[in-house]
Amino acid sequence: MIVKALILAMALQAAPGGLAPEEEARAQALMREVRCMVCAGESVMDSNAPMAQDMRRFIREQVGEGLSDADLRQAMVERFGHEVLMRPTFDSRTAPLWIAPLVLLLLGGALFFTAMRKPRTRP
Amino acid sequence: MIAEIGRFLIALAFLACVAQTLLAWRGADQGGRSGAARAGTAAAEIAVIAAGLAFLLLVISFVRSDFSIAYVASNSHVDKPLLYKISGTWGGHEGSMLLWCWILVLFGLGLARIGPKDPALRARAVSFQGLLSSLFFAFLAFASNPFERLLPAPIQGADLNPILQDPLLAIHPPMLYVGYVGLSAAFAIAAAGLMQKSGGRELASALRPWALGAWVSLTAGIALGAWWAYYELGWGGWGFWDPVENASFMPWLLGAALVHSAIATEKRGAFPGWTVFLALIAYILSILGAFLVRSGVLTSVHAFALDPERGMWILGMLGVSAVAGFALFALRAGSLGEGDGFEPTSREAFIGANNLLLAVTAGVVLIGTLYPLFVDLMGWPMISVGPPYFDASATPLLVLAAALMPMAAFMPWANGGAKPGLKQMRAAFLLVPVAGVIIAFIAFGAPVLAVVAGGVGAWALCGAAMDVGVHWRAAKVRAARFAVAGRALAHAGVGFIALGAAADASRPADIHRSLATGESLTIAGRTLTLEGVRRADGPNFMADRATIRVDNRFTVNPERRFYPAAAQTTREVGLGSDWRGDLYVSVGEARLREDGVMVYELRAAFHPLVWMLGFGAFLVVMGGGLALTGRLISGVPARVRVRSDAAPADAAAPVEAAEARA
């Protein structure tokens with residue numbers, strides 16, 4: 001989920017690194033989607049590790065230079081591999097992951113309808 | 001000596017569990033009232049006493065800081081406050097496993113004393129519980145002895161992980177384990193029922209109070225853990241789809257499905273096979289959770305005691321339990337009988353939809369958690385499955401379930417009841433506050449899913465209020481009032497959780513900024529001024545405590561602590577709370593700025609309405625507790641009988657009558 005952050009209060013002041021509030025919000029949304037590669041499953045937004053700090057700085061710089069979200073994700077993947085993205089991309093190897101919820105819903109729904117259509121015994 | 005006695009007691013408890021399994025099995029064959037059944041109960045008593053004494057000895061070893069015991073040496077320190085010496089007993093793998101085992105045998109004894117009414121079914125359940133306990137005691141006795149000696153004994157211990165040195169974390173694991181392990185009682189009763197070929201309704205009645213008690217405890221344990229993660233880990237989140245959190249969330253989801261489907265089975269005989277299946281798989285996923293947390297196959301911020309050999313043991317126990325449970329289910333599910341059909345707008349349909357959504361969510365969480373492992377096994381390049389995946393797949397299902405929830409209480413059993421149900425609910429009237437909340441969320445620029453979840457939360461709160469308003473007067477007897485109050489409270493809790501989560505997802509961007517003394521930053525309209533930082537050392541740590549003034553109204557004091565024994569740095573968050581939300585400040589390292597001034601890195605966040613999450617969880621626990629209490633003092637509710645061709649307008653009346661009779 002891309003957290004479009006509420007920025008009423010921040011509108012009055014410049015964000016660190018000189019990013020405009022909208023850019024800072026975009027950068028933070030990206031930080032939540034990018035994994036800190038030396039931590040145990042934390043995003044770079046949440047981690048205090050030096051590497052996460054570097055990655056935060058990198059993301060802010062790139063956002064400041066106007067790189068799009070997709071390009072920035074691509075740059076991260078080239079550097080660190082697909083593991084860096086907390087939201088897996090959709091391709092042949094992750095298709096089961098993304099399709100699974102629908103399959104489960106259909107299977108469960110079929111069970112549900114079978115139970116509903118059973119005959120009623122007279123009380 | 002203590003360590004040797006402890007080891008002996010664990011071996012004794014293991015043997016007692018094996019004896020419990022065999023004797024109670026024989027007792028069940030003889031109808032449940034024979035000497036063998038009584039001997040099985042006696043074995044359960046011995047196991048409880050032996051395991052309890054072993055646990056007490058371990059606590060004593062911690063209090064005495066007996067570092068000749070390897071487990072104490074690696075989880076304690078003489079300088080540690082007494083409370084954390086005691087809570088250190090369950091702060092690591094071996095000790096927490098001993099606690100797990102003790103709770104298992106306590107539930108075994110509970111089944112033997114106040115288990116199912118039918119003596120044969122009760123003895124059989126005690127036997128299955130004995131089997132589950134034997135597995136875990138074997139693990140304890142042969143592969144994770146908490147009393148292992150460490151010679152020569154070190155002079156000083158390695159200390160408990162500092163982030164675990166917290167009052168909440170002292171009680172969080174026991175609550176969580178009562179939840180996980182309590183589901184074993186539901187498993188044992190379900191397996192016993194299949195073995196005894198008892199009917200679906202009787203079985204659902206027998207296992208529902210156990211499932212409810214376990215699920216309430218699991219809810220409390222998870223809520224305490226989330227609260228702790230929120231203020232102790234310092235990242236400003238109360239949960240983030242971490243693998244270990246998912247490990248406890250899956251049994252919780254299935255437990256939630258189980259306590260609802262058991263109602264439908266008990267009152268109307270609906271979903272008999274599904275209820276039993278849920279009881280089996282909920283506990284199996286609890287063991288899977290233990291495997292994920294303790295084996296090290298997944299990386300997680302909460303993972304502890306990582307050891308592949310232990311992983312194999314737990315996998316083995318998982319395999320035995322799963323094969324036993326599912327083989328029985330495959331062979332005997334036919335004996336449970338089949339439920340009647342029902343209309344799409346009946347109570348059964350809504351409970352079925354709740355179960356469908358909760359179970360699919362659990363399945364999605366399971367797949368998402370295990371998929372990186374699968375990718376690794378296939379030798380493909382590693383991927384991460386993080387919060388964005390679960391927010392896209394699991395969260396919408398939960399929001400939908402919460403949206404359907406308020407209507408269920410107004411639907412009649414078996415017959416279609418959309419019209420009378422909506423009339424009772426006065427739905428149009430409810431839409432006013434819901435619309436207000438949605439407009440407020442949109443005005444604050446919340447993301448789409450948060451707007452929807454906020455609206456659903458308001459809808460659930462209105463529905464719960466209406467539930468009490470309409471059904472309280474109709475509920476003439478005490479049991480029915482307990483049921484209505486429990487349902488309304490728990491459902492209102494879900495509403496509060498949805499509102500709190502939605503508000504938190506729409507919070508303003510966090511601010512990371514380095515400040516010198518006297519400088520300020522502003523977040524969510526609050527001005528934070530760093531007044532100073534000074535030393536504030538504790539009994540076993542050194543600390544820098546910042547004083548930060550908020551709008552000249554109050555101060556918060558985040559700390560940065562260093563625990564020398566564990567050589568670890570932690571952050572204590574400074575919280576300023578009121579009804580609007582929490583101001584959340586943590587302080588990081590000091591450094592010299594370019595202009596030569598000492599600055600401190602601050603992270604400031606504002607979490608609107610975050611108290612609603614905790615309050616909601618409290619209501620869910622209270623509601624579940626009320627439902628359980630009503631059940632314990634009033635017994636099994638009567639079967640609901642309905643006329644299959646009743647006119648829709650009257651359809652609600654027989655339900656109320658049946659509930660009143662119960």
# chains A, B, ... in the order shown; residues from 1 in each chain; ligands from 1

call {"tool": "interface_residues", "arguments": {"of": "chain B", "to": "chain A", "cutoff": "6 Å", "atoms": "only C-alpha atoms", "output": "list in words"}}
result
Trp235, Thr299, Ser300, Val301, Asp340, Gly341, Phe342, Leu356, Val360, Val364, Met382, Ile383, Ser384, Val385, Gly386, Pro388, Tyr389, Asp391, Gly445, Pro447, Arg507, Pro508, Ala509, Ile523, Ala524 and Gly525 of chain B

call {"tool": "write_last_selection", "arguments": {"atoms": "C-alpha atoms", "output": "PDB file, in the first residue's frame"}}
result
ATOM      1  CA  TRP B 235      10.004   2.225  14.747  1.00  0.00           C
ATOM      2  CA  THR B 299      14.535 -13.910   9.216  1.00  0.00           C
ATOM      3  CA  SER B 300      12.550 -11.761  11.559  1.00  0.00           C
ATOM      4  CA  VAL B 301      13.141  -9.047  14.076  1.00  0.00           C
ATOM      5  CA  ASP B 340     -29.011 -28.270   6.776  1.00  0.00           C
ATOM      6  CA  GLY B 341     -29.089 -25.839   3.916  1.00  0.00           C
ATOM      7  CA  PHE B 342     -29.842 -22.168   4.577  1.00  0.00           C
ATOM      8  CA  LEU B 356     -14.648 -17.994   4.431  1.00  0.00           C
ATOM      9  CA  VAL B 360      -8.817 -17.338   3.235  1.00  0.00           C
ATOM     10  CA  VAL B 364      -2.996 -15.884   2.235  1.00  0.00           C
ATOM     11  CA  MET B 382      15.419 -14.437  -3.473  1.00  0.00           C
ATOM     12  CA  ILE B 383      12.357 -12.243  -3.102  1.00  0.00           C
ATOM     13  CA  SER B 384      10.800 -10.490  -0.118  1.00  0.00           C
ATOM     14  CA  VAL B 385       7.111 -10.650   0.695  1.00  0.00           C
ATOM     15  CA  GLY B 386       6.471  -7.684   2.920  1.00  0.00           C
ATOM     16  CA  PRO B 388       2.719  -4.116   0.703  1.00  0.00           C
ATOM     17  CA  TYR B 389       1.758  -7.647  -0.377  1.00  0.00           C
ATOM     18  CA  ASP B 391      -1.977  -4.945   2.597  1.00  0.00           C
ATOM     19  CA  GLY B 445      -6.254  13.064   2.938  1.00  0.00           C
ATOM     20  CA  PRO B 447      -5.465   6.649   1.542  1.00  0.00           C
ATOM     21  CA  ARG B 507      -0.939   9.576   9.800  1.00  0.00           C
ATOM     22  CA  PRO B 508       1.307  12.467   8.741  1.00  0.00           C
ATOM     23  CA  ALA B 509       4.759  11.658   7.424  1.00  0.00           C
ATOM     24  CA  ILE B 523       4.657  17.797  13.456  1.00  0.00           C
ATOM     25  CA  ALA B 524       0.866  17.632  13.201  1.00  0.00           C
ATOM     26  CA  GLY B 525       0.601  21.179  14.508  1.00  0.00           C
TER      27      GLY B 525
END

call {"tool": "atom_distance", "arguments": {"atom1": "CA of Arg268 in chain B", "atom2": "CA of Gly339 in chain B"}}
result
7.7 Å

call {"tool": "residues_around", "arguments": {"residues": "Gly635 in chain B", "least_positions_apart": "4", "cutoff": "12 Å", "atoms": "only C-alpha atoms", "output": "PyMOL selection string"}}
result
chain B and resi 116-117+205-206+208-209+478-480+482-483+627-631+661-662

call {"tool": "residues_around", "arguments": {"residues": "Ser286 in chain B", "least_positions_apart": "2", "cutoff": "6 Å", "atoms": "only C-alpha atoms", "output": "PyMOL selection string"}}
result
chain B and resi 180+251+283-284+288-289

call {"tool": "atom_distance", "arguments": {"atom1": "CA of Ser217 in chain B", "atom2": "CA of Val178 in chain B"}}
result
6.2 Å

call {"tool": "select_by_dssp", "arguments": {"residues": "range 287-492 of chain B", "states": "helix (DSSP H, G or I)", "output": "CSV table (one decimal) with C-alpha atoms, in the first residue's frame"}}
result
chain,number,residue,atom,x,y,z
B,287,ILE,CA,3.0,-25.5,16.1
B,288,LEU,CA,4.0,-24.2,12.7
B,289,GLY,CA,4.3,-20.8,14.3
B,290,ALA,CA,6.7,-22.2,17.0
B,291,PHE,CA,8.7,-23.8,14.1
B,292,LEU,CA,9.0,-20.5,12.2
B,293,VAL,CA,10.0,-18.6,15.3
B,294,ARG,CA,12.5,-21.0,16.7
B,295,SER,CA,14.1,-22.7,13.7
B,308,PRO,CA,18.2,-26.0,12.6
B,309,GLU,CA,18.3,-29.1,14.8
B,310,ARG,CA,15.5,-27.8,16.9
B,311,GLY,CA,13.7,-26.9,13.8
B,312,MET,CA,13.8,-30.5,12.7
B,313,TRP,CA,12.3,-31.6,16.0
B,314,ILE,CA,9.5,-29.1,15.8
B,315,LEU,CA,8.9,-30.1,12.2
B,316,GLY,CA,8.6,-33.7,13.4
B,317,MET,CA,6.1,-32.8,16.1
B,318,LEU,CA,4.2,-30.8,13.5
B,319,GLY,CA,4.2,-33.8,11.2
B,320,VAL,CA,2.9,-36.3,13.8
B,321,SER,CA,0.2,-34.0,15.0
B,322,ALA,CA,-0.9,-33.1,11.5
B,323,VAL,CA,-0.9,-36.7,10.2
B,324,ALA,CA,-2.8,-37.9,13.3
B,325,GLY,CA,-5.4,-35.2,13.1
B,326,PHE,CA,-6.0,-35.2,9.3
B,327,ALA,CA,-5.9,-38.9,8.9
B,328,LEU,CA,-8.6,-39.2,11.6
B,329,PHE,CA,-10.5,-36.4,9.8
B,330,ALA,CA,-10.3,-38.1,6.4
B,331,LEU,CA,-11.4,-41.4,7.8
B,332,ARG,CA,-14.2,-40.2,10.2
B,333,ALA,CA,-15.5,-36.9,8.9
B,334,GLY,CA,-18.5,-38.7,7.6
B,335,SER,CA,-19.7,-39.5,11.1
B,336,LEU,CA,-20.1,-35.8,11.9
B,347,ARG,CA,-27.3,-16.1,10.2
B,348,GLU,CA,-25.6,-19.3,8.9
B,349,ALA,CA,-24.7,-17.5,5.7
B,350,PHE,CA,-23.1,-14.6,7.5
B,351,ILE,CA,-21.2,-16.9,9.8
B,352,GLY,CA,-20.1,-18.9,6.8
B,353,ALA,CA,-19.0,-15.7,5.0
B,354,ASN,CA,-17.0,-14.7,8.1
B,355,ASN,CA,-15.4,-18.1,8.2
B,356,LEU,CA,-14.6,-18.0,4.4
B,357,LEU,CA,-13.0,-14.6,4.7
B,358,LEU,CA,-11.0,-15.3,7.9
B,359,ALA,CA,-9.8,-18.7,6.7
B,360,VAL,CA,-8.8,-17.3,3.2
B,361,THR,CA,-7.0,-14.5,5.0
B,362,ALA,CA,-5.1,-17.1,7.1
B,363,GLY,CA,-4.3,-19.0,3.9
B,364,VAL,CA,-3.0,-15.9,2.2
B,365,VAL,CA,-0.9,-15.0,5.3
B,366,LEU,CA,0.5,-18.6,5.3
B,367,ILE,CA,1.4,-18.5,1.6
B,368,GLY,CA,2.9,-15.1,1.8
B,369,THR,CA,5.0,-16.0,4.8
B,370,LEU,CA,6.2,-19.3,3.3
B,371,TYR,CA,6.7,-18.2,-0.3
B,372,PRO,CA,10.2,-16.8,0.2
B,373,LEU,CA,11.2,-20.2,1.6
B,374,PHE,CA,9.7,-21.9,-1.5
B,375,VAL,CA,11.5,-19.5,-3.8
B,376,ASP,CA,14.7,-20.3,-1.9
B,377,LEU,CA,14.1,-24.1,-2.2
B,387,PRO,CA,3.7,-5.4,4.2
B,388,PRO,CA,2.7,-4.1,0.7
B,389,TYR,CA,1.8,-7.6,-0.4
B,390,PHE,CA,-0.3,-8.4,2.7
B,391,ASP,CA,-2.0,-4.9,2.6
B,392,ALA,CA,-3.0,-5.7,-1.0
B,393,SER,CA,-4.2,-9.2,-0.4
B,394,ALA,CA,-5.2,-9.9,3.2
B,395,THR,CA,-6.3,-6.5,4.5
B,396,PRO,CA,-9.2,-6.0,2.0
B,397,LEU,CA,-10.5,-9.4,3.1
B,398,LEU,CA,-10.5,-8.4,6.7
B,399,VAL,CA,-12.2,-5.1,6.0
B,400,LEU,CA,-14.9,-7.0,4.1
B,401,ALA,CA,-15.4,-9.4,7.0
B,402,ALA,CA,-15.7,-6.5,9.4
B,403,ALA,CA,-18.2,-4.8,7.0
B,404,LEU,CA,-20.5,-7.9,7.0
B,405,MET,CA,-20.1,-8.5,10.8
B,406,PRO,CA,-22.6,-5.9,12.2
B,407,MET,CA,-25.5,-7.3,10.1
B,408,ALA,CA,-25.1,-10.9,11.2
B,418,ALA,CA,-32.6,-9.3,4.8
B,419,LYS,CA,-35.8,-7.2,5.1
B,420,PRO,CA,-36.6,-7.7,8.8
B,421,GLY,CA,-32.9,-7.6,9.6
B,422,LEU,CA,-32.4,-4.2,8.0
B,423,LYS,CA,-35.6,-2.9,9.5
B,424,GLN,CA,-34.4,-3.9,12.9
B,425,MET,CA,-31.1,-2.2,12.2
B,427,ALA,CA,-29.8,1.0,8.5
B,428,ALA,CA,-30.4,4.4,7.1
B,429,PHE,CA,-30.0,5.9,10.5
B,430,LEU,CA,-26.7,4.2,10.9
B,431,LEU,CA,-25.3,5.6,7.7
B,432,VAL,CA,-25.2,9.1,9.1
B,433,PRO,CA,-22.3,8.6,11.5
B,434,VAL,CA,-20.6,6.3,9.0
B,435,ALA,CA,-20.8,9.0,6.3
B,436,GLY,CA,-19.4,11.5,8.8
B,437,VAL,CA,-16.4,9.4,9.6
B,438,ILE,CA,-15.8,8.7,5.9
B,439,ILE,CA,-15.9,12.5,5.1
B,440,ALA,CA,-13.5,13.2,8.0
B,441,PHE,CA,-11.0,10.7,6.7
B,442,ILE,CA,-11.2,12.0,3.2
B,443,ALA,CA,-10.8,15.6,4.5
B,448,VAL,CA,-8.4,4.9,-0.1
B,449,LEU,CA,-8.2,1.7,2.0
B,450,ALA,CA,-8.0,3.7,5.2
B,451,VAL,CA,-11.2,5.7,4.2
B,452,VAL,CA,-13.0,2.4,3.7
B,453,ALA,CA,-11.7,0.8,6.9
B,454,GLY,CA,-12.6,3.9,8.9
B,455,GLY,CA,-16.1,3.8,7.5
B,456,VAL,CA,-16.4,0.1,8.3
B,457,GLY,CA,-15.2,0.8,11.8
B,458,ALA,CA,-17.9,3.3,12.4
B,459,TRP,CA,-20.5,1.0,10.8
B,460,ALA,CA,-19.4,-1.8,13.2
B,461,LEU,CA,-19.7,0.5,16.2
B,462,CYS,CA,-23.2,1.6,15.2
B,463,GLY,CA,-24.1,-2.0,14.6
B,464,ALA,CA,-22.9,-3.1,18.0
B,465,ALA,CA,-24.8,-0.3,19.7
B,466,MET,CA,-27.9,-1.3,17.7
B,467,ASP,CA,-27.4,-5.0,18.6
B,468,VAL,CA,-27.5,-4.2,22.3
B,469,GLY,CA,-30.5,-1.8,21.9
B,470,VAL,CA,-32.6,-4.3,20.0
B,471,HIS,CA,-31.6,-7.6,21.6
B,472,TRP,CA,-31.0,-6.8,25.2
B,473,ARG,CA,-34.7,-6.4,26.1
B,474,ALA,CA,-35.5,-9.5,24.1
B,478,ARG,CA,-29.0,-14.4,32.1
B,479,ALA,CA,-27.3,-16.7,29.5
B,480,ALA,CA,-28.9,-14.8,26.6
B,481,ARG,CA,-27.8,-11.5,28.1
B,482,PHE,CA,-24.3,-12.7,28.5
B,483,ALA,CA,-24.3,-13.8,24.9
B,484,VAL,CA,-25.7,-10.5,23.6
B,485,ALA,CA,-23.3,-8.4,25.7
B,486,GLY,CA,-20.3,-10.5,24.8
B,487,ARG,CA,-21.1,-10.3,21.1
B,488,ALA,CA,-21.8,-6.6,21.1
B,489,LEU,CA,-18.6,-5.8,23.1
B,490,ALA,CA,-16.3,-8.0,20.9
B,491,HIS,CA,-17.9,-6.6,17.7
B,492,ALA,CA,-17.5,-3.0,19.0

call {"tool": "residues_around", "arguments": {"residues": "Gly518 in chain B", "least_positions_apart": "6", "cutoff": "7 Å", "atoms": "only C-alpha atoms", "output": "list in words"}}
result
Thr529, Leu530 and Glu531 of chain B

call {"tool": "write_last_selection", "arguments": {"atoms": "C-alpha atoms", "output": "PDB file, in the first residue's frame"}}
result
ATOM      1  CA  THR B 529      11.648  21.904  21.361  1.00  0.00           C
ATOM      2  CA  LEU B 530      14.737  20.047  22.483  1.00  0.00           C
ATOM      3  CA  GLU B 531      15.495  21.454  25.929  1.00  0.00           C
TER       4      GLU B 531
END
